[in-house]
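J.: Handing you this structure, nothing more for now.
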Amino acid sequence: MRRAHTVDQVRAAEAALMAKLPEGTLMQRAATGLAVAISNFIGFTYGARVVLLIGSGDNGGDALYAGTHLARRGAEVTAVLLSDKYHREGLAALLKAGGRVADGGGASADGQPAAARAIAVADVVVDGIVGIGGRPGLKPEALAAVKLAEEHQVPIIAVDIPSGVDVDTGETPAEHVKAALTVTFGTHKICHLIDPAAAACGPVHLVEIGLDLPPAPVESLQDPDIRALYPTPTGESDKYSRGVLGLMAGSTQYPGAAVIATSGALAGPIGMLRYVGPDPVAEAVRAQHPEVVAGEGRVQAWAIGSGLGDELDVDKIRELLDAEEPVLLDADGLKALDDSGDRANVLITPHAGELARLLGVERHEVEAERLKHARQAAERFDVTVLLKGSTTVIAAPDGQIRVNTNAGAWLATAGAGDVLAGLTGAFLAGGLTPIDAAAVGAYLHAAAANLASRGGPITAMQVSAHVAEATRQVLLEE
Ligand SMILES: NC(=O)C1=CN([C@@H]2O[C@H](COP(=O)(O)OP(=O)(O)OC[C@H]3O[C@@H](n4cnc5c(N)ncnc54)[C@H](O)[C@@H]3O)[C@@H](O)[C@H]2O)[C@@H](O)CC1
Ligand SMILES: [K+]
């Protein structure tokens, strides 16, 4: 499990630990881990040219002490001081170890030949501008230095967070660092897991510093978590006890959606699928998937919505929403969602455009503030929300947040959402709670897509065809 905590939680845990340790211990732990990560990133230390961008807080202190370690091992380390205020002891240590300061501290990097020259030829630039104490955005001097690194294609390693992003929301309302690697301390921060900020982090390397943390408000499940949650059949299982999913998807207008959603559902843990829809569509489904049973009967959960088009029976869908069985509501089916009734067993799987329609806002607003809008919809409709996108945000009505970060960009293909709806619905029918079904469904969907793609284009049917292998890899790995 990857866990992300808020700035307040991290500060409280740091304060509690610092009270028990000699002064400066935590910063030394952070800086040592950071120095190792920088060396590993560059691939060598002796003679490596490292530029540190130093802001006014302890984030700059981390960078200065990491630079000190590197300078002691023969790296050429240059600190660029972006503010008159900086970590004095950290700079003194760096200078003692043979590091230097690019002249003209506080002035613009453009007008500062030594700093500009150092950045232009650096192997790596270290962003110690701001950490968890930072507000979004970069001041002009910092922005100039970052732009210079980008211009010269010098990779930036972010200390704790890419400076300029909003740490607790993952929003990026202003200019920010785009890192090739982020080295963080103690726990993940929310901006590491939620786009658009997550995309600015690059890979995130976590350095343990011994924090004792409360339960995390944001979690991202990994292989062992998926394995623990998967409803694996036992010797006693039969097709009914494994779960029966009812699928209401596709229409004479969009018969393919039913076929594709079925392929996703059958790749999940269920023992049986009942398809409910127009006869010609049911025939198309059974032609591809002869194991499907057509017509209504007892089910443990419903997946409703993919490709219903204009043939949407709102009354019927509302009746199912009000019934006891859990319901996954997707695509056109979302039009039947209202904010009345007990919906604790309902999982909706909108993309940004669909969520925007539900909330009466613009799509770009949802994309810019994904966590906020997913939370808002979960609260307002009393449902679990799986917001699709490059990182999937899952928000439960009780405030729990899960994030899925393993999706590759090739997954953005027609019908992939139908596969996800079928597959995730199958986990609901297999007995998982909406938030667990959403997390496991999204994870295996992305893992299957990665297996199918291996860096190239894929179709939705290829994604469902690889779910079994992705599942096997997760279940058999120890
Ligand atoms: N507190 C601790 O125990 C530890 C903290 N560590 C480091 O300390 C960092 C937090 O340090 P601080 O609390 O000093 O805060 P920061 O280093 O994040 O800096 C905050 C300072 O920057 C200024 N500032 C805010 N937004 C800005 C912006 N957009 N542009 C320019 N300046 C801005 C603020 O006025 C404030 O003085 C962590 O991110 C981490 O890197 C680590 O050393 C591990 C231990
Ligand atoms: K930073």
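By convention here, the chains of the structure tokens are called A, B, ... in the order presented, each chain's residues are numbered starting at 1, and ligands are numbered starting at 1 in the order presented.
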From the DSSP assignment of the backbone, select every residue of stretch 200-444 of chain A that is helix (DSSP H, G or I), and format the answer as a PyMOL selection string.
T.: chain A and resi 200+223-229+255-266+279-288+314-322+331-336+352-359+363-368+370-381+409-411+416-429+434-444
J.: Enumerate as a compact mmCIF listing (two decimals) with C-alpha atoms, in the first residue's frame the residues within 7 Å of ligand 1, counting only C-alpha atoms and all ligand atoms.
T.:
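Printed below is selection06.txt as written:
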# COMPACT_ATOMS: atom_id res chain seq x y z
CA ARG A 11 4.16 18.22 10.50
CA GLU A 14 7.67 15.27 12.55
CA ALA A 15 7.21 17.42 15.64
CA MET A 18 11.87 15.62 16.64
CA LEU A 26 15.54 14.21 10.80
CA MET A 27 17.06 16.59 8.29
CA ALA A 30 16.37 13.09 4.78
CA ALA A 31 19.56 14.56 3.29
CA GLY A 55 14.72 28.52 -1.17
CA SER A 56 14.11 29.98 2.27
CA GLY A 57 12.96 26.93 4.23
CA ASP A 58 14.09 23.51 5.44
CA ASN A 59 13.55 22.07 1.98
CA GLY A 60 16.60 24.08 0.97
CA GLY A 61 18.35 22.73 4.10
CA ASP A 62 17.80 19.17 2.89
CA ILE A 129 13.00 25.78 -3.59
CA VAL A 130 10.05 24.87 -1.36
CA GLY A 131 8.75 21.72 0.29
CA ILE A 132 5.58 21.10 2.23
CA GLY A 133 5.63 24.70 3.47
CA GLY A 134 5.30 26.03 -0.08
CA ARG A 135 2.34 27.78 -1.64
CA PRO A 136 1.55 27.02 -5.29
CA GLY A 137 3.59 28.91 -7.89
CA LEU A 138 7.21 29.94 -8.33
CA LYS A 139 8.74 33.36 -7.69
CA VAL A 159 13.24 17.50 -2.93
CA ASP A 160 10.04 16.29 -1.22
CA ILE A 161 7.70 17.83 -3.81
CA GLY A 164 5.01 25.15 -7.13
CA PHE A 185 10.53 11.73 3.20
J.: Between A:Ala437, A:Ala331, A:Leu371, A:Val10, which has the minimum distance to A:Val346 (counting only C-alpha atoms)?
T.: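 The closest residue to A:Val346 is A:Ala437.
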J.: So that each row is one residue of stretch 149-255 of chain A with an atom at most 12 Å from stretch 282-292 of chain A, can you give its shortest atom pair and the distance in Å to one decimal, using only C-alpha atoms, rows by chain and rising number, as a tab-separated table?
T.:
residue	atom	partner	partner_atom	distance
A:Lys239	CA	A:Glu291	CA	11.7
A:Val244	CA	A:Val292	CA	10.7
A:Leu245	CA	A:Val292	CA	10.3
A:Gly246	CA	A:Val292	CA	10.2
A:Leu247	CA	A:Val292	CA	10.1
A:Met248	CA	A:Ala282	CA	10.2
A:Ala249	CA	A:Ala282	CA	9.9
A:Gly250	CA	A:Ala282	CA	9.0
A:Ser251	CA	A:Ala282	CA	9.4
A:Thr252	CA	A:Ala282	CA	10.0
A:Tyr254	CA	A:Ala284	CA	11.0
A:Pro255	CA	A:Ala284	CA	7.2
J.: Which residue, A:Leu444, A:Ala4, A:Leu143, A:Ile157, has the smallest gap to ligand 2 when you use only C-alpha atoms and all ligand atoms?
T.: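 Among A:Leu444, A:Ala4, A:Leu143, A:Ile157, it is A:Ile157 that comes nearest to ligand 2.
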J.: Just give me the gap between atom CA of A:Val207 and atom CA of A:Gly408 in Å, one decimal is fine.
T.: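 Going from atom CA of A:Val207 over to atom CA of A:Gly408 covers 25.5 Å.
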J.: Just the residues within 10 Å of A:Ala216, please, counting only C-alpha atoms, with nothing from its chain fewer than 2 positions along; format it as an MDAnalysis selection string.
T.: chainID A and resid 2:6 9 187:190 213:214 218:219 400:401
J.: Hey, can you check how far atom CA of A:Thr433 sits from atom CA of A:Gly307?
T.: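 Result for atom CA of A:Thr433 versus atom CA of A:Gly307: 24.8 Å, one decimal.
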J.: At a cut-off of 6 Å, using only C-alpha atoms, what residues contact stretch 458-467 of chain A? Leave out same-chain residues fewer than 3 positions from it and give the result as a list of chain:residue names.
T.: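 In the requested format, the answer is A:Ser263, A:Gly264, A:Ala267, A:Gly415, A:Ala416, A:Ala448, A:Ala449, A:Ser453, A:Ala470, A:Thr471.
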J.: Convert the current residue selection to file output with N, CA and C atoms, as a PDB file, in the first residue's frame.
T.:
ATOM      1  N   SER A 263     -16.968  -8.805 -22.011  1.00  0.00           N
ATOM      2  CA  SER A 263     -15.612  -9.372 -21.999  1.00  0.00           C
ATOM      3  C   SER A 263     -14.878  -8.957 -20.729  1.00  0.00           C
ATOM      4  N   GLY A 264     -15.108  -7.718 -20.292  1.00  0.00           N
ATOM      5  CA  GLY A 264     -14.476  -7.254 -19.047  1.00  0.00           C
ATOM      6  C   GLY A 264     -15.024  -8.008 -17.847  1.00  0.00           C
ATOM      7  N   ALA A 267     -13.868 -11.544 -17.384  1.00  0.00           N
ATOM      8  CA  ALA A 267     -12.459 -11.631 -16.982  1.00  0.00           C
ATOM      9  C   ALA A 267     -12.305 -11.425 -15.478  1.00  0.00           C
ATOM     10  N   GLY A 415     -13.806   2.012 -25.801  1.00  0.00           N
ATOM     11  CA  GLY A 415     -14.277   0.755 -25.227  1.00  0.00           C
ATOM     12  C   GLY A 415     -13.553   0.361 -23.949  1.00  0.00           C
ATOM     13  N   ALA A 416     -12.412   1.013 -23.642  1.00  0.00           N
ATOM     14  CA  ALA A 416     -11.670   0.640 -22.424  1.00  0.00           C
ATOM     15  C   ALA A 416     -12.528   0.884 -21.182  1.00  0.00           C
ATOM     16  N   ALA A 448      -3.664  -5.111 -16.951  1.00  0.00           N
ATOM     17  CA  ALA A 448      -3.939  -5.871 -18.176  1.00  0.00           C
ATOM     18  C   ALA A 448      -3.567  -5.038 -19.400  1.00  0.00           C
ATOM     19  N   ALA A 449      -3.906  -3.771 -19.362  1.00  0.00           N
ATOM     20  CA  ALA A 449      -3.591  -2.897 -20.495  1.00  0.00           C
ATOM     21  C   ALA A 449      -2.078  -2.801 -20.685  1.00  0.00           C
ATOM     22  N   SER A 453      -0.227  -3.919 -23.984  1.00  0.00           N
ATOM     23  CA  SER A 453       0.383  -2.845 -24.767  1.00  0.00           C
ATOM     24  C   SER A 453       1.896  -3.017 -24.946  1.00  0.00           C
ATOM     25  N   ALA A 470      -2.881 -10.802 -16.114  1.00  0.00           N
ATOM     26  CA  ALA A 470      -2.530  -9.787 -15.106  1.00  0.00           C
ATOM     27  C   ALA A 470      -2.931 -10.279 -13.715  1.00  0.00           C
ATOM     28  N   THR A 471      -4.100 -10.911 -13.637  1.00  0.00           N
ATOM     29  CA  THR A 471      -4.594 -11.426 -12.354  1.00  0.00           C
ATOM     30  C   THR A 471      -3.675 -12.540 -11.840  1.00  0.00           C
TER      31      THR A 471
END
J.: For A:Leu229, which of A:Gly399, A:Gly186, A:Gly417, A:Gly431 is the closest residue, counting only C-alpha atoms?
T.: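 Counting only C-alpha atoms, the residue closest to A:Leu229 is A:Gly431.
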J.: Using the chain letters and numbers from this document, which residues of stretch 252-307 of chain A does DSSP assign to strand (DSSP E or B), as a ChimeraX atom specification?
T.: /A:272-275,293-294,301-304
J.: Would you output that residue set with N, CA and C atoms, as a short mmCIF file (atom, residue, chain, number, x, y, z; two decimals), in the first residue's frame?
T.:
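Dumped everything to selection-v4.cif:
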data_model
loop_
_atom_site.label_atom_id
_atom_site.label_comp_id
_atom_site.auth_asym_id
_atom_site.auth_seq_id
_atom_site.Cartn_x
_atom_site.Cartn_y
_atom_site.Cartn_z
N MET A 272 -20.95 -16.26 -13.07
CA MET A 272 -21.95 -16.21 -14.14
C MET A 272 -22.34 -14.77 -14.46
N LEU A 273 -22.71 -14.55 -15.72
CA LEU A 273 -23.18 -13.22 -16.14
C LEU A 273 -24.57 -13.34 -16.76
N ARG A 274 -25.48 -12.51 -16.30
CA ARG A 274 -26.80 -12.42 -16.94
C ARG A 274 -26.85 -11.13 -17.73
N TYR A 275 -27.16 -11.23 -19.00
CA TYR A 275 -27.26 -10.02 -19.82
C TYR A 275 -28.73 -9.63 -19.99
N VAL A 293 -25.78 -15.85 -19.92
CA VAL A 293 -27.20 -16.19 -19.84
C VAL A 293 -28.00 -14.92 -20.14
N ALA A 294 -28.96 -14.99 -21.06
CA ALA A 294 -29.73 -13.79 -21.39
C ALA A 294 -31.00 -13.75 -20.55
N ALA A 301 -25.05 -8.32 -8.09
CA ALA A 301 -24.76 -6.91 -8.37
C ALA A 301 -25.11 -6.61 -9.82
N TRP A 302 -25.24 -5.32 -10.11
CA TRP A 302 -25.52 -4.87 -11.47
C TRP A 302 -24.41 -3.98 -11.99
N ALA A 303 -24.15 -4.10 -13.31
CA ALA A 303 -23.33 -3.10 -14.00
C ALA A 303 -24.22 -2.52 -15.08
N ILE A 304 -24.42 -1.22 -15.03
CA ILE A 304 -25.42 -0.60 -15.88
C ILE A 304 -24.84 0.62 -16.59
#
J.: Between A:Arg357, A:Glu236, A:Val281, A:Ala409, which residue has the minimum interatomic distance to A:Ala258, considering only C-alpha atoms?
T.: A:Val281
J.: Would you kindly return, as a list in words, each protein, DNA or RNA residue with an atom no farther than 7 Å from any atom of stretch 335-337 of chain A, considering only C-alpha atoms and excluding same-chain residues fewer than 6 positions away?
T.: Val314, Ile317 and Arg318 of chain A
